[in-house]
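This is coords21.txt. It holds compact mmCIF, C-alpha atoms.
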```txt
# COMPACT_ATOMS: atom_id res chain seq x y z
CA MET A 175 -12.15 -40.43 16.43
CA LYS A 176 -12.37 -40.17 12.65
CA LYS A 177 -9.04 -39.90 10.83
CA ALA A 178 -7.85 -37.91 7.84
CA VAL A 179 -4.60 -37.89 5.89
CA VAL A 180 -3.65 -34.29 5.03
CA LEU A 181 -1.10 -33.33 2.38
CA VAL A 182 1.12 -30.69 3.96
CA SER A 183 3.63 -28.92 1.73
CA GLY A 184 4.78 -26.13 4.03
CA GLY A 185 2.79 -23.60 2.02
CA LEU A 186 -0.09 -21.36 2.96
CA ASP A 187 -2.81 -23.41 1.28
CA SER A 188 -2.03 -26.76 2.87
CA ALA A 189 -1.64 -25.16 6.31
CA THR A 190 -5.14 -23.73 5.96
CA THR A 191 -6.43 -27.09 4.74
CA LEU A 192 -4.96 -28.82 7.79
CA ALA A 193 -6.65 -26.27 10.08
CA LEU A 194 -9.98 -26.88 8.31
CA ALA A 195 -9.66 -30.67 8.64
CA ARG A 196 -8.98 -30.26 12.35
CA GLU A 197 -11.96 -27.93 12.69
CA GLN A 198 -14.13 -30.69 11.13
CA GLY A 199 -13.11 -32.99 13.98
CA TYR A 200 -10.55 -35.19 12.27
CA ALA A 201 -7.52 -36.68 13.94
CA CYS A 202 -5.00 -35.51 11.33
CA TYR A 203 -2.10 -37.48 9.83
CA ALA A 204 0.14 -35.14 7.84
CA ILE A 205 2.20 -36.35 4.90
CA SER A 206 4.94 -34.42 3.11
CA PHE A 207 7.26 -35.35 0.26
CA ASP A 208 10.93 -34.77 -0.27
CA TYR A 209 10.52 -35.05 -4.02
CA GLY A 210 13.64 -33.30 -5.27
CA GLN A 211 12.34 -29.76 -4.90
CA ARG A 212 15.28 -27.38 -5.22
CA HIS A 213 15.04 -26.03 -1.71
CA LYS A 214 14.27 -27.73 1.58
CA CYS A 215 12.71 -24.63 3.20
CA GLU A 216 9.26 -26.01 2.56
CA LEU A 217 10.01 -29.28 4.34
CA ASP A 218 11.12 -27.40 7.46
CA ALA A 219 7.98 -25.29 7.15
CA ALA A 220 5.82 -28.41 6.75
CA GLN A 221 7.22 -29.82 9.96
CA GLN A 222 6.55 -26.61 11.88
CA VAL A 223 3.05 -26.26 10.45
CA ALA A 224 2.17 -29.87 11.30
CA ARG A 225 3.46 -29.50 14.84
CA SER A 226 1.72 -26.16 15.41
CA LEU A 227 -1.62 -27.59 14.28
CA GLY A 228 -1.39 -30.69 16.47
CA VAL A 229 -1.22 -33.59 14.03
CA VAL A 230 -1.17 -37.15 15.37
CA GLU A 231 1.74 -38.07 13.10
CA HIS A 232 3.79 -36.40 10.39
CA LYS A 233 5.26 -38.64 7.70
CA LEU A 234 7.99 -37.44 5.37
CA MET A 235 8.41 -39.61 2.28
CA GLN A 236 11.43 -39.58 -0.02
CA LEU A 237 10.56 -39.57 -3.71
CA ASN A 238 13.03 -38.74 -6.47
CA MET A 239 10.67 -37.00 -8.87
CA ASN A 240 13.60 -34.96 -10.22
CA ASP A 241 14.62 -38.32 -11.68
CA LEU A 242 11.75 -37.82 -14.10
CA GLY A 243 12.80 -34.25 -15.00
CA GLY A 244 10.64 -31.71 -16.78
CA SER A 245 9.94 -29.02 -14.19
CA ALA A 246 11.65 -25.80 -13.13
CA LEU A 247 10.85 -26.76 -9.54
CA THR A 248 13.00 -29.89 -9.63
CA ASP A 249 15.26 -29.51 -12.67
CA GLU A 250 18.32 -27.28 -12.12
CA SER A 251 18.63 -26.69 -15.87
CA LEU A 252 15.30 -24.81 -16.09
CA ASP A 253 14.85 -21.25 -14.79
CA VAL A 254 12.04 -20.26 -12.46
CA PRO A 255 10.22 -17.40 -14.25
CA GLU A 256 10.05 -13.99 -12.57
CA GLU A 257 7.92 -12.16 -15.11
CA GLY A 258 4.53 -12.79 -13.53
CA VAL A 259 1.73 -15.24 -14.16
CA GLY A 260 1.47 -16.06 -17.87
CA GLU A 261 -0.82 -18.06 -20.14
CA GLY A 262 -1.05 -21.87 -20.25
CA ILE A 263 0.71 -24.44 -18.10
CA PRO A 264 3.80 -22.88 -16.50
CA VAL A 265 7.33 -24.33 -16.48
CA THR A 266 6.99 -24.77 -12.70
CA TYR A 267 4.35 -27.48 -13.27
CA VAL A 268 5.71 -30.81 -11.95
CA PRO A 269 4.35 -33.62 -14.15
CA ALA A 270 1.71 -35.65 -12.32
CA ARG A 271 2.78 -34.29 -8.94
CA ASN A 272 -0.62 -34.11 -7.30
CA THR A 273 -1.54 -37.48 -8.81
CA VAL A 274 1.54 -39.07 -7.25
CA PHE A 275 1.04 -37.34 -3.88
CA LEU A 276 -2.65 -38.25 -3.69
CA SER A 277 -1.82 -41.85 -4.54
CA LEU A 278 0.64 -42.19 -1.68
CA ALA A 279 -1.81 -40.44 0.64
CA LEU A 280 -4.46 -42.90 -0.52
CA GLY A 281 -2.24 -45.85 0.35
CA TRP A 282 -1.58 -44.45 3.81
CA ALA A 283 -5.27 -43.67 4.32
CA GLU A 284 -6.09 -47.31 3.57
CA VAL A 285 -3.57 -48.56 6.11
CA LEU A 286 -4.77 -46.07 8.75
CA GLU A 287 -8.44 -46.79 8.05
CA ALA A 288 -8.85 -43.07 7.46
CA GLU A 289 -12.12 -41.69 6.10
CA ALA A 290 -10.72 -38.81 4.10
CA ILE A 291 -7.74 -37.27 2.34
CA PHE A 292 -7.41 -33.49 2.38
CA ILE A 293 -5.53 -31.61 -0.33
CA GLY A 294 -5.11 -27.84 -0.56
CA VAL A 295 -5.51 -27.35 -4.29
CA ASN A 296 -7.49 -24.41 -5.56
CA ALA A 297 -8.85 -23.66 -8.98
CA VAL A 298 -8.96 -19.86 -8.68
CA ASP A 299 -5.24 -19.22 -8.36
CA TYR A 300 -4.19 -22.45 -9.97
CA SER A 301 -1.97 -20.70 -12.52
CA GLY A 302 -2.71 -23.20 -15.25
CA TYR A 303 -1.91 -26.44 -13.43
CA PRO A 304 -4.23 -29.14 -14.79
CA ASP A 305 -4.20 -31.11 -11.53
CA CYS A 306 -5.75 -28.31 -9.48
CA ARG A 307 -9.18 -28.28 -11.17
CA PRO A 308 -12.48 -29.50 -9.69
CA GLU A 309 -12.93 -32.04 -12.51
CA TYR A 310 -9.51 -33.46 -11.69
CA ILE A 311 -10.49 -33.93 -8.04
CA ALA A 312 -13.77 -35.57 -9.10
CA ALA A 313 -11.85 -37.98 -11.34
CA TYR A 314 -9.51 -38.77 -8.48
CA GLN A 315 -12.47 -39.51 -6.21
CA ARG A 316 -13.84 -41.95 -8.80
CA LEU A 317 -10.44 -43.63 -9.01
CA ALA A 318 -10.16 -43.86 -5.21
CA ASP A 319 -13.60 -45.48 -5.05
CA LEU A 320 -12.38 -48.23 -7.38
CA ALA A 321 -8.76 -48.54 -6.28
CA THR A 322 -9.09 -49.34 -2.62
CA ARG A 323 -10.22 -52.06 -0.27
CA ARG A 324 -12.51 -49.54 1.47
CA GLY A 325 -14.02 -48.54 -1.85
CA VAL A 326 -14.74 -52.18 -2.75
CA GLU A 327 -16.35 -52.61 0.66
CA GLY A 328 -18.61 -49.59 0.10
CA ARG A 329 -16.87 -47.22 2.52
CA PRO A 330 -14.82 -45.13 0.06
CA ILE A 331 -12.16 -42.69 1.19
CA ARG A 332 -13.34 -39.15 0.46
CA VAL A 333 -11.00 -36.76 -1.37
CA GLU A 334 -11.58 -33.34 0.19
CA ALA A 335 -10.34 -30.15 -1.46
CA PRO A 336 -11.92 -27.47 0.76
CA LEU A 337 -10.05 -24.56 -0.88
CA ILE A 338 -10.94 -25.45 -4.43
CA HIS A 339 -13.25 -22.50 -5.05
CA LEU A 340 -11.62 -19.96 -2.71
CA SER A 341 -9.45 -17.03 -3.73
CA LYS A 342 -6.08 -16.59 -2.04
CA ALA A 343 -7.55 -13.78 0.08
CA ALA A 344 -10.47 -15.95 1.17
CA ILE A 345 -8.08 -18.76 2.08
CA ILE A 346 -6.01 -16.38 4.20
CA ARG A 347 -9.13 -15.12 5.97
CA GLU A 348 -10.15 -18.71 6.77
CA GLY A 349 -6.70 -19.47 8.13
CA ALA A 350 -6.63 -16.31 10.20
CA ARG A 351 -10.01 -17.23 11.67
CA LEU A 352 -8.61 -20.64 12.65
CA GLY A 353 -5.41 -19.24 14.12
CA VAL A 354 -2.98 -20.48 11.46
CA ASP A 355 0.46 -18.91 11.92
CA TYR A 356 1.34 -18.03 8.32
CA GLY A 357 4.76 -16.90 9.50
CA LEU A 358 5.61 -20.61 9.64
CA THR A 359 4.62 -21.22 6.01
CA THR A 360 6.61 -20.68 2.82
CA SER A 361 5.35 -20.30 -0.76
CA CYS A 362 8.34 -18.98 -2.73
CA TYR A 363 9.74 -21.01 -5.64
CA ALA A 364 13.21 -19.49 -5.23
CA PRO A 365 14.00 -18.62 -1.59
CA ASP A 366 17.51 -17.66 -0.48
CA ALA A 367 19.72 -19.64 1.92
CA GLN A 368 17.84 -18.18 4.89
CA CYS A 369 14.53 -19.32 3.34
CA ARG A 370 13.47 -15.74 2.68
CA ALA A 371 11.02 -15.30 -0.21
CA CYS A 372 12.10 -13.73 -3.52
CA GLY A 373 8.91 -11.69 -3.87
CA ARG A 374 9.01 -12.04 -7.67
CA CYS A 375 7.99 -15.59 -8.63
CA ASP A 376 4.36 -16.54 -9.37
CA ALA A 377 3.87 -18.01 -5.90
CA CYS A 378 5.17 -14.89 -4.16
CA ARG A 379 3.00 -12.61 -6.28
CA LEU A 380 -0.17 -14.56 -5.55
CA ARG A 381 0.61 -14.79 -1.85
CA ARG A 382 1.49 -11.11 -1.47
CA ALA A 383 -1.64 -9.99 -3.30
CA GLY A 384 -3.73 -12.37 -1.16
CA PHE A 385 -2.65 -10.80 2.11
CA LYS A 386 -3.19 -7.34 0.66
CA THR A 387 -6.73 -8.14 -0.53
CA ALA A 388 -7.58 -9.91 2.73
CA GLY A 389 -6.45 -6.84 4.67
CA ILE A 390 -4.23 -9.03 6.86
CA PRO A 391 -0.57 -8.20 7.56
CA ASP A 392 1.83 -10.34 5.49
CA PRO A 393 4.24 -12.11 7.87
CA THR A 394 6.44 -13.43 5.02
CA PRO A 395 10.17 -12.71 5.37
CA TYR A 396 11.21 -11.28 1.98
CA GLN A 397 14.71 -10.89 0.58
CA LEU A 398 15.93 -7.30 0.46
CA MET B 168 9.04 -43.28 -33.38
CA LYS B 169 6.15 -43.35 -30.94
CA LYS B 170 7.10 -43.88 -27.29
CA ALA B 171 5.55 -45.83 -24.44
CA VAL B 172 6.36 -46.10 -20.76
CA VAL B 173 6.04 -49.73 -19.63
CA LEU B 174 5.77 -50.83 -16.00
CA VAL B 175 8.18 -53.76 -15.60
CA SER B 176 8.11 -55.65 -12.32
CA GLY B 177 10.28 -58.63 -13.19
CA GLY B 178 7.19 -60.85 -13.35
CA LEU B 179 5.70 -62.85 -16.17
CA ASP B 180 2.82 -60.47 -16.90
CA SER B 181 4.83 -57.28 -17.27
CA ALA B 182 7.43 -59.07 -19.44
CA THR B 183 4.63 -60.12 -21.79
CA THR B 184 3.20 -56.60 -21.74
CA LEU B 185 6.58 -55.16 -22.72
CA ALA B 186 6.83 -57.62 -25.61
CA LEU B 187 3.34 -56.61 -26.77
CA ALA B 188 4.18 -52.89 -26.60
CA ARG B 189 7.27 -53.52 -28.68
CA GLU B 190 5.26 -55.55 -31.19
CA GLN B 191 2.92 -52.55 -31.57
CA GLY B 192 5.88 -50.45 -32.71
CA TYR B 193 6.62 -48.46 -29.58
CA ALA B 194 10.06 -47.36 -28.45
CA CYS B 195 9.77 -48.65 -24.88
CA TYR B 196 10.87 -46.93 -21.69
CA ALA B 197 10.74 -49.38 -18.80
CA ILE B 198 10.15 -48.25 -15.23
CA SER B 199 10.53 -50.36 -12.09
CA PHE B 200 10.16 -49.55 -8.42
CA ASP B 201 12.23 -50.45 -5.42
CA TYR B 202 9.26 -49.99 -3.11
CA GLY B 203 10.33 -51.97 -0.09
CA GLN B 204 9.34 -55.38 -1.42
CA ARG B 205 10.90 -58.00 0.82
CA HIS B 206 13.15 -59.47 -1.82
CA LYS B 207 15.16 -57.86 -4.58
CA CYS B 208 14.95 -60.84 -6.94
CA GLU B 209 12.27 -59.12 -8.95
CA LEU B 210 14.39 -56.02 -9.50
CA ASP B 211 17.21 -58.14 -10.93
CA ALA B 212 14.64 -59.91 -13.06
CA ALA B 213 13.17 -56.57 -14.22
CA GLN B 214 16.60 -55.45 -15.37
CA GLN B 215 17.21 -58.66 -17.32
CA VAL B 216 13.74 -58.60 -18.87
CA ALA B 217 14.11 -54.96 -19.94
CA ARG B 218 17.51 -55.62 -21.47
CA SER B 219 16.41 -58.78 -23.25
CA LEU B 220 13.45 -56.99 -24.82
CA GLY B 221 15.49 -54.02 -26.05
CA VAL B 222 14.12 -51.04 -24.12
CA VAL B 223 15.49 -47.57 -24.86
CA GLU B 224 15.93 -46.84 -21.15
CA HIS B 225 15.19 -48.60 -17.86
CA LYS B 226 14.49 -46.39 -14.86
CA LEU B 227 14.55 -47.76 -11.33
CA MET B 228 12.83 -45.50 -8.80
CA GLN B 229 13.23 -45.74 -5.03
CA LEU B 230 9.96 -45.50 -3.13
CA ASN B 231 9.58 -46.45 0.52
CA MET B 232 6.05 -47.87 0.42
CA ASN B 233 6.89 -50.10 3.37
CA ASP B 234 6.87 -46.81 5.26
CA LEU B 235 3.09 -46.92 4.84
CA GLY B 236 2.81 -50.53 6.08
CA GLY B 237 -0.20 -52.75 5.64
CA SER B 238 0.93 -55.49 3.23
CA ALA B 239 2.55 -58.89 3.61
CA LEU B 240 4.69 -58.02 0.58
CA THR B 241 6.41 -55.11 2.32
CA ASP B 242 5.72 -55.56 6.03
CA GLU B 243 8.00 -58.08 7.77
CA SER B 244 5.45 -58.55 10.56
CA LEU B 245 2.84 -60.09 8.24
CA ASP B 246 3.13 -63.63 6.88
CA VAL B 247 2.77 -64.46 3.19
CA PRO B 248 -0.03 -67.05 3.00
CA GLU B 249 0.72 -70.50 1.57
CA GLU B 250 -2.77 -72.01 1.70
CA GLY B 251 -3.87 -71.11 -1.81
CA VAL B 252 -6.02 -68.38 -3.32
CA GLY B 253 -8.80 -67.39 -0.92
CA GLU B 254 -11.79 -65.06 -0.91
CA GLY B 255 -11.68 -61.25 -0.82
CA ILE B 256 -8.67 -58.96 -0.93
CA PRO B 257 -5.54 -60.88 0.15
CA VAL B 258 -2.96 -59.80 2.73
CA THR B 259 -0.44 -59.50 -0.12
CA TYR B 260 -2.38 -56.52 -1.52
CA VAL B 261 -0.18 -53.41 -1.29
CA PRO B 262 -2.42 -50.38 -0.64
CA ALA B 263 -2.72 -48.17 -3.72
CA ARG B 264 0.32 -49.78 -5.34
CA ASN B 265 -0.83 -49.69 -8.95
CA THR B 266 -2.22 -46.19 -8.42
CA VAL B 267 1.17 -44.98 -7.21
CA PHE B 268 3.09 -46.79 -9.96
CA LEU B 269 0.78 -45.53 -12.72
CA SER B 270 1.10 -41.98 -11.38
CA LEU B 271 4.88 -42.02 -11.56
CA ALA B 272 4.71 -43.62 -15.00
CA LEU B 273 2.30 -40.86 -16.03
CA GLY B 274 4.75 -38.18 -14.89
CA TRP B 275 7.56 -39.78 -16.86
CA ALA B 276 5.33 -40.22 -19.90
CA GLU B 277 4.58 -36.49 -19.83
CA VAL B 278 8.25 -35.60 -19.70
CA LEU B 279 9.12 -38.07 -22.50
CA GLU B 280 6.16 -36.96 -24.65
CA ALA B 281 5.10 -40.60 -24.70
CA GLU B 282 1.74 -41.58 -26.17
CA ALA B 283 0.97 -44.50 -23.89
CA ILE B 284 1.59 -46.26 -20.60
CA PHE B 285 1.48 -50.06 -20.55
CA ILE B 286 0.61 -51.99 -17.40
CA GLY B 287 0.38 -55.77 -17.10
CA VAL B 288 -2.67 -56.06 -14.83
CA ASN B 289 -5.23 -58.72 -15.52
CA ALA B 290 -8.70 -59.20 -14.18
CA VAL B 291 -8.93 -62.97 -14.63
CA ASP B 292 -6.20 -63.97 -12.19
CA TYR B 293 -6.36 -60.78 -10.17
CA SER B 294 -6.87 -62.66 -6.89
CA GLY B 295 -9.07 -59.97 -5.39
CA TYR B 296 -6.87 -56.92 -5.95
CA PRO B 297 -9.20 -53.95 -6.58
CA ASP B 298 -6.63 -52.12 -8.73
CA CYS B 299 -6.49 -54.86 -11.38
CA ARG B 300 -10.05 -54.48 -12.68
CA PRO B 301 -11.12 -53.00 -16.06
CA GLU B 302 -13.22 -50.32 -14.31
CA TYR B 303 -10.16 -49.27 -12.35
CA ILE B 304 -8.13 -48.86 -15.57
CA ALA B 305 -10.99 -46.87 -17.12
CA ALA B 306 -11.06 -44.56 -14.10
CA TYR B 307 -7.30 -44.12 -14.34
CA GLN B 308 -7.63 -43.19 -18.02
CA ARG B 309 -10.19 -40.54 -17.13
CA LEU B 310 -7.86 -39.19 -14.46
CA ALA B 311 -4.89 -39.15 -16.85
CA ASP B 312 -6.96 -37.21 -19.40
CA LEU B 313 -7.55 -34.49 -16.80
CA ALA B 314 -4.26 -34.58 -14.92
CA THR B 315 -1.75 -33.92 -17.65
CA ARG B 316 -0.54 -31.21 -19.96
CA ARG B 317 -1.09 -33.55 -22.93
CA GLY B 318 -4.64 -34.25 -21.76
CA VAL B 319 -5.44 -30.53 -21.51
CA GLU B 320 -4.03 -30.07 -25.00
CA GLY B 321 -6.28 -32.83 -26.38
CA ARG B 322 -3.57 -35.46 -26.89
CA PRO B 323 -4.14 -37.65 -23.81
CA ILE B 324 -1.74 -40.38 -22.77
CA ARG B 325 -3.41 -43.76 -23.27
CA VAL B 326 -3.38 -46.28 -20.42
CA GLU B 327 -2.97 -49.70 -22.07
CA ALA B 328 -3.64 -52.92 -20.16
CA PRO B 329 -3.37 -55.52 -22.93
CA LEU B 330 -3.56 -58.53 -20.58
CA ILE B 331 -6.65 -57.40 -18.74
CA HIS B 332 -8.98 -60.08 -20.12
CA LEU B 333 -6.42 -62.86 -20.66
CA SER B 334 -5.95 -65.95 -18.51
CA LYS B 335 -2.48 -66.79 -17.26
CA ALA B 336 -2.22 -69.53 -19.88
CA ALA B 337 -3.23 -67.12 -22.67
CA ILE B 338 -0.64 -64.60 -21.44
CA ILE B 339 2.06 -67.27 -21.52
CA ARG B 340 1.08 -68.29 -25.05
CA GLU B 341 1.31 -64.64 -26.18
CA GLY B 342 4.73 -64.28 -24.61
CA ALA B 343 5.97 -67.53 -26.10
CA ARG B 344 4.81 -66.33 -29.55
CA LEU B 345 6.82 -63.13 -29.05
CA GLY B 346 9.93 -64.90 -27.80
CA VAL B 347 9.78 -63.80 -24.17
CA ASP B 348 12.33 -65.71 -22.07
CA TYR B 349 10.24 -66.53 -18.99
CA GLY B 350 13.32 -68.04 -17.38
CA LEU B 351 14.37 -64.44 -16.69
CA THR B 352 11.13 -63.59 -14.87
CA THR B 353 10.12 -64.18 -11.27
CA SER B 354 6.64 -64.28 -9.72
CA CYS B 355 7.12 -65.80 -6.25
CA TYR B 356 6.19 -63.77 -3.16
CA ALA B 357 8.71 -65.64 -1.00
CA PRO B 358 11.78 -66.76 -2.96
CA ASP B 359 14.89 -68.10 -1.24
CA ALA B 360 18.32 -66.46 -1.21
CA GLN B 361 19.06 -67.84 -4.68
CA CYS B 362 15.79 -66.32 -5.95
CA ARG B 363 14.23 -69.76 -6.43
CA ALA B 364 10.43 -69.82 -6.22
CA CYS B 365 8.62 -71.36 -3.22
CA GLY B 366 5.98 -73.07 -5.38
CA ARG B 367 3.33 -72.56 -2.68
CA CYS B 368 2.29 -68.87 -2.60
CA ASP B 369 -0.64 -67.54 -4.66
CA ALA B 370 1.67 -66.17 -7.35
CA CYS B 371 3.52 -69.49 -7.73
CA ARG B 372 0.27 -71.46 -7.92
CA LEU B 373 -1.16 -69.22 -10.65
CA ARG B 374 2.07 -69.25 -12.62
CA ARG B 375 2.58 -73.00 -12.42
CA ALA B 376 -1.00 -73.72 -13.46
CA GLY B 377 -0.65 -71.24 -16.33
CA PHE B 378 2.31 -73.04 -17.89
CA LYS B 379 0.55 -76.38 -17.44
CA THR B 380 -2.66 -75.18 -19.13
CA ALA B 381 -0.70 -73.47 -21.92
CA GLY B 382 1.18 -76.70 -22.55
CA ILE B 383 4.49 -74.85 -22.40
CA PRO B 384 7.42 -76.08 -20.25
CA ASP B 385 7.76 -74.09 -17.00
CA PRO B 386 11.32 -72.68 -16.83
CA THR B 387 10.88 -71.44 -13.23
CA PRO B 388 13.61 -72.56 -10.80
CA TYR B 389 11.74 -73.95 -7.77
CA GLN B 390 13.10 -74.60 -4.29
CA LEU B 391 13.56 -78.30 -3.47
```

As a first step, turn the structure in this file into structure tokens.
Amino acid sequence: MKKAVVLVSGGLDSATTLALAREQGYACYAISFDYGQRHKCELDAAQQVARSLGVVEHKLMQLNMNDLGGSALTDESLDVPEEGVGEGIPVTYVPARNTVFLSLALGWAEVLEAEAIFIGVNAVDYSGYPDCRPEYIAAYQRLADLATRRGVEGRPIRVEAPLIHLSKAAIIREGARLGVDYGLTTSCYAPDAQCRACGRCDACRLRRAGFKTAGIPDPTPYQL
Amino acid sequence: MKKAVVLVSGGLDSATTLALAREQGYACYAISFDYGQRHKCELDAAQQVARSLGVVEHKLMQLNMNDLGGSALTDESLDVPEEGVGEGIPVTYVPARNTVFLSLALGWAEVLEAEAIFIGVNAVDYSGYPDCRPEYIAAYQRLADLATRRGVEGRPIRVEAPLIHLSKAAIIREGARLGVDYGLTTSCYAPDAQCRACGRCDACRLRRAGFKTAGIPDPTPYQL
């Protein structure tokens, strides 16, 4: 059975990506990162998502990216904005995050002899993150072709980003079709102690609007 | 003063690279990784090299790449070969290692507003590692241009590999010119408890031959 490494964050997009990889017939190996994100809700969610979608293995890697600083998602001294999606690259951008995650996934894929890596980035709702664009994924594919033993041997590992051109609503419709339980997922940048969503950060706004546009009930637990 | 992030492993090549970055006028920020390598000798060496070459800061990141398996350098179940440099990609190749290290260096460079990343790879003595080739570095540069805030803003972070076309002997001559103390560095894949080199692994063979060809005394402490 062909294998794929799937980046699973605990969010809506990566859960849908995992369901799509499974639909394509891959034995899925989920990988998640404890990278110094302020809250651990998403790691619990990642575990539940991976289990519910029948992965072969779920690997959680420790990675102190808050050591590097520079993002509201990992640096306690920066505030998460609540004023809606703005212009340019937001303060919640974590420097080189997808590049680091893809690189570790690539290493695992080589060891597993996997054919593909799946990542749930999308360019439509990317909110100004440079590492969510199609040209970024293409550049990563080129790098993967050159960086790995498989690539040198002419059997490169494919970097799959099946959500890249989908809107949030379209992603939710795909997931609903594949039976993804979005009640297990979390998107909020600033959840409370019970992991309930704030409803005000960029991620909450995009998610909420997505369910509304898709015409699918939003199972997210919000703070009062 | 312009800044550079320099990957420092504790080996001969990265020490020379750091000296070259300093010669080019950069304020240098060294980064090393505790990635599950079997021995910690190289981390001690990295610290001494960084200090001796006057870095502004030396960051040591924890990274459990042995979690991913697949290399004799991190996996206790695989033997380090002692029969000399062979054909193809050796068992000491760590999957995606340079890709992972460059990605974390890229993240730090973004946070620091650094202009460049320096890595001590070289294609001449690369012993079959795919991620030490010029085309790999070029692909990484393209990725860095697209992945980062600086790249989007038209001020990309340069990926510098000043040793890429140098032989081991030429590297050693450069380092000697710049006053690098190679007695502080370590290259061996299988040192003993006192961090003395085995003299038999690929890395030892290349290093020993390099000093001989350069006509410079080899300060490496070898096992008896």

Residues within 9 Å of Val326 (chain A), please, as a list in words. Count all atoms listed in the file; anything in the same chain fewer than 6 positions from it doesn't count.
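My reading of the contact set: Asp319 and Leu320 of chain A; Pro297 of chain B.
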
Hey, list the chain B side of the contact with chain A: 9 Å cut-off, only C-alpha atoms, answer as a PDB file with C-alpha atoms, in the coordinates of the input.
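Below is the file selection_3.pdb, written as the result:
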```pdb
ATOM      1  CA  LYS B 226      14.490 -46.390 -14.860  1.00  0.00           C
ATOM      2  CA  MET B 228      12.830 -45.500  -8.800  1.00  0.00           C
ATOM      3  CA  GLN B 229      13.230 -45.740  -5.030  1.00  0.00           C
ATOM      4  CA  LEU B 230       9.960 -45.500  -3.130  1.00  0.00           C
ATOM      5  CA  ASN B 231       9.580 -46.450   0.520  1.00  0.00           C
ATOM      6  CA  MET B 232       6.050 -47.870   0.420  1.00  0.00           C
ATOM      7  CA  ASP B 234       6.870 -46.810   5.260  1.00  0.00           C
ATOM      8  CA  LEU B 235       3.090 -46.920   4.840  1.00  0.00           C
ATOM      9  CA  GLY B 236       2.810 -50.530   6.080  1.00  0.00           C
ATOM     10  CA  GLY B 237      -0.200 -52.750   5.640  1.00  0.00           C
ATOM     11  CA  SER B 238       0.930 -55.490   3.230  1.00  0.00           C
ATOM     12  CA  ILE B 256      -8.670 -58.960  -0.930  1.00  0.00           C
ATOM     13  CA  VAL B 261      -0.180 -53.410  -1.290  1.00  0.00           C
ATOM     14  CA  PRO B 262      -2.420 -50.380  -0.640  1.00  0.00           C
ATOM     15  CA  ALA B 263      -2.720 -48.170  -3.720  1.00  0.00           C
ATOM     16  CA  ARG B 264       0.320 -49.780  -5.340  1.00  0.00           C
ATOM     17  CA  ASN B 265      -0.830 -49.690  -8.950  1.00  0.00           C
ATOM     18  CA  THR B 266      -2.220 -46.190  -8.420  1.00  0.00           C
ATOM     19  CA  VAL B 267       1.170 -44.980  -7.210  1.00  0.00           C
ATOM     20  CA  PHE B 268       3.090 -46.790  -9.960  1.00  0.00           C
ATOM     21  CA  LEU B 269       0.780 -45.530 -12.720  1.00  0.00           C
ATOM     22  CA  SER B 270       1.100 -41.980 -11.380  1.00  0.00           C
ATOM     23  CA  LEU B 271       4.880 -42.020 -11.560  1.00  0.00           C
ATOM     24  CA  ALA B 272       4.710 -43.620 -15.000  1.00  0.00           C
ATOM     25  CA  LEU B 273       2.300 -40.860 -16.030  1.00  0.00           C
ATOM     26  CA  GLY B 274       4.750 -38.180 -14.890  1.00  0.00           C
ATOM     27  CA  TRP B 275       7.560 -39.780 -16.860  1.00  0.00           C
ATOM     28  CA  ALA B 276       5.330 -40.220 -19.900  1.00  0.00           C
ATOM     29  CA  GLU B 277       4.580 -36.490 -19.830  1.00  0.00           C
ATOM     30  CA  VAL B 278       8.250 -35.600 -19.700  1.00  0.00           C
ATOM     31  CA  LEU B 279       9.120 -38.070 -22.500  1.00  0.00           C
ATOM     32  CA  TYR B 296      -6.870 -56.920  -5.950  1.00  0.00           C
ATOM     33  CA  PRO B 297      -9.200 -53.950  -6.580  1.00  0.00           C
ATOM     34  CA  ASP B 298      -6.630 -52.120  -8.730  1.00  0.00           C
ATOM     35  CA  CYS B 299      -6.490 -54.860 -11.380  1.00  0.00           C
ATOM     36  CA  ARG B 300     -10.050 -54.480 -12.680  1.00  0.00           C
ATOM     37  CA  GLU B 302     -13.220 -50.320 -14.310  1.00  0.00           C
ATOM     38  CA  TYR B 303     -10.160 -49.270 -12.350  1.00  0.00           C
ATOM     39  CA  ILE B 304      -8.130 -48.860 -15.570  1.00  0.00           C
ATOM     40  CA  ALA B 305     -10.990 -46.870 -17.120  1.00  0.00           C
ATOM     41  CA  ALA B 306     -11.060 -44.560 -14.100  1.00  0.00           C
ATOM     42  CA  TYR B 307      -7.300 -44.120 -14.340  1.00  0.00           C
ATOM     43  CA  ARG B 309     -10.190 -40.540 -17.130  1.00  0.00           C
ATOM     44  CA  LEU B 310      -7.860 -39.190 -14.460  1.00  0.00           C
ATOM     45  CA  ALA B 311      -4.890 -39.150 -16.850  1.00  0.00           C
ATOM     46  CA  ASP B 312      -6.960 -37.210 -19.400  1.00  0.00           C
ATOM     47  CA  LEU B 313      -7.550 -34.490 -16.800  1.00  0.00           C
ATOM     48  CA  ALA B 314      -4.260 -34.580 -14.920  1.00  0.00           C
ATOM     49  CA  THR B 315      -1.750 -33.920 -17.650  1.00  0.00           C
ATOM     50  CA  ARG B 316      -0.540 -31.210 -19.960  1.00  0.00           C
ATOM     51  CA  GLY B 318      -4.640 -34.250 -21.760  1.00  0.00           C
ATOM     52  CA  VAL B 319      -5.440 -30.530 -21.510  1.00  0.00           C
TER      53      VAL B 319
END
```

Could you jot down the CA of Thr353 (chain B) to CA of Gly178 (chain B) separation for me, Å, one decimal place?
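Separating CA of Thr353 (chain B) from CA of Gly178 (chain B) is a distance of 4.9 Å.
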
Report, in Å with one decimal, the straight-line distance from CA of Glu289 (chain A) to CA of Ile331 (chain A).
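Rounded to one decimal, the two atoms are 5.0 Å apart.
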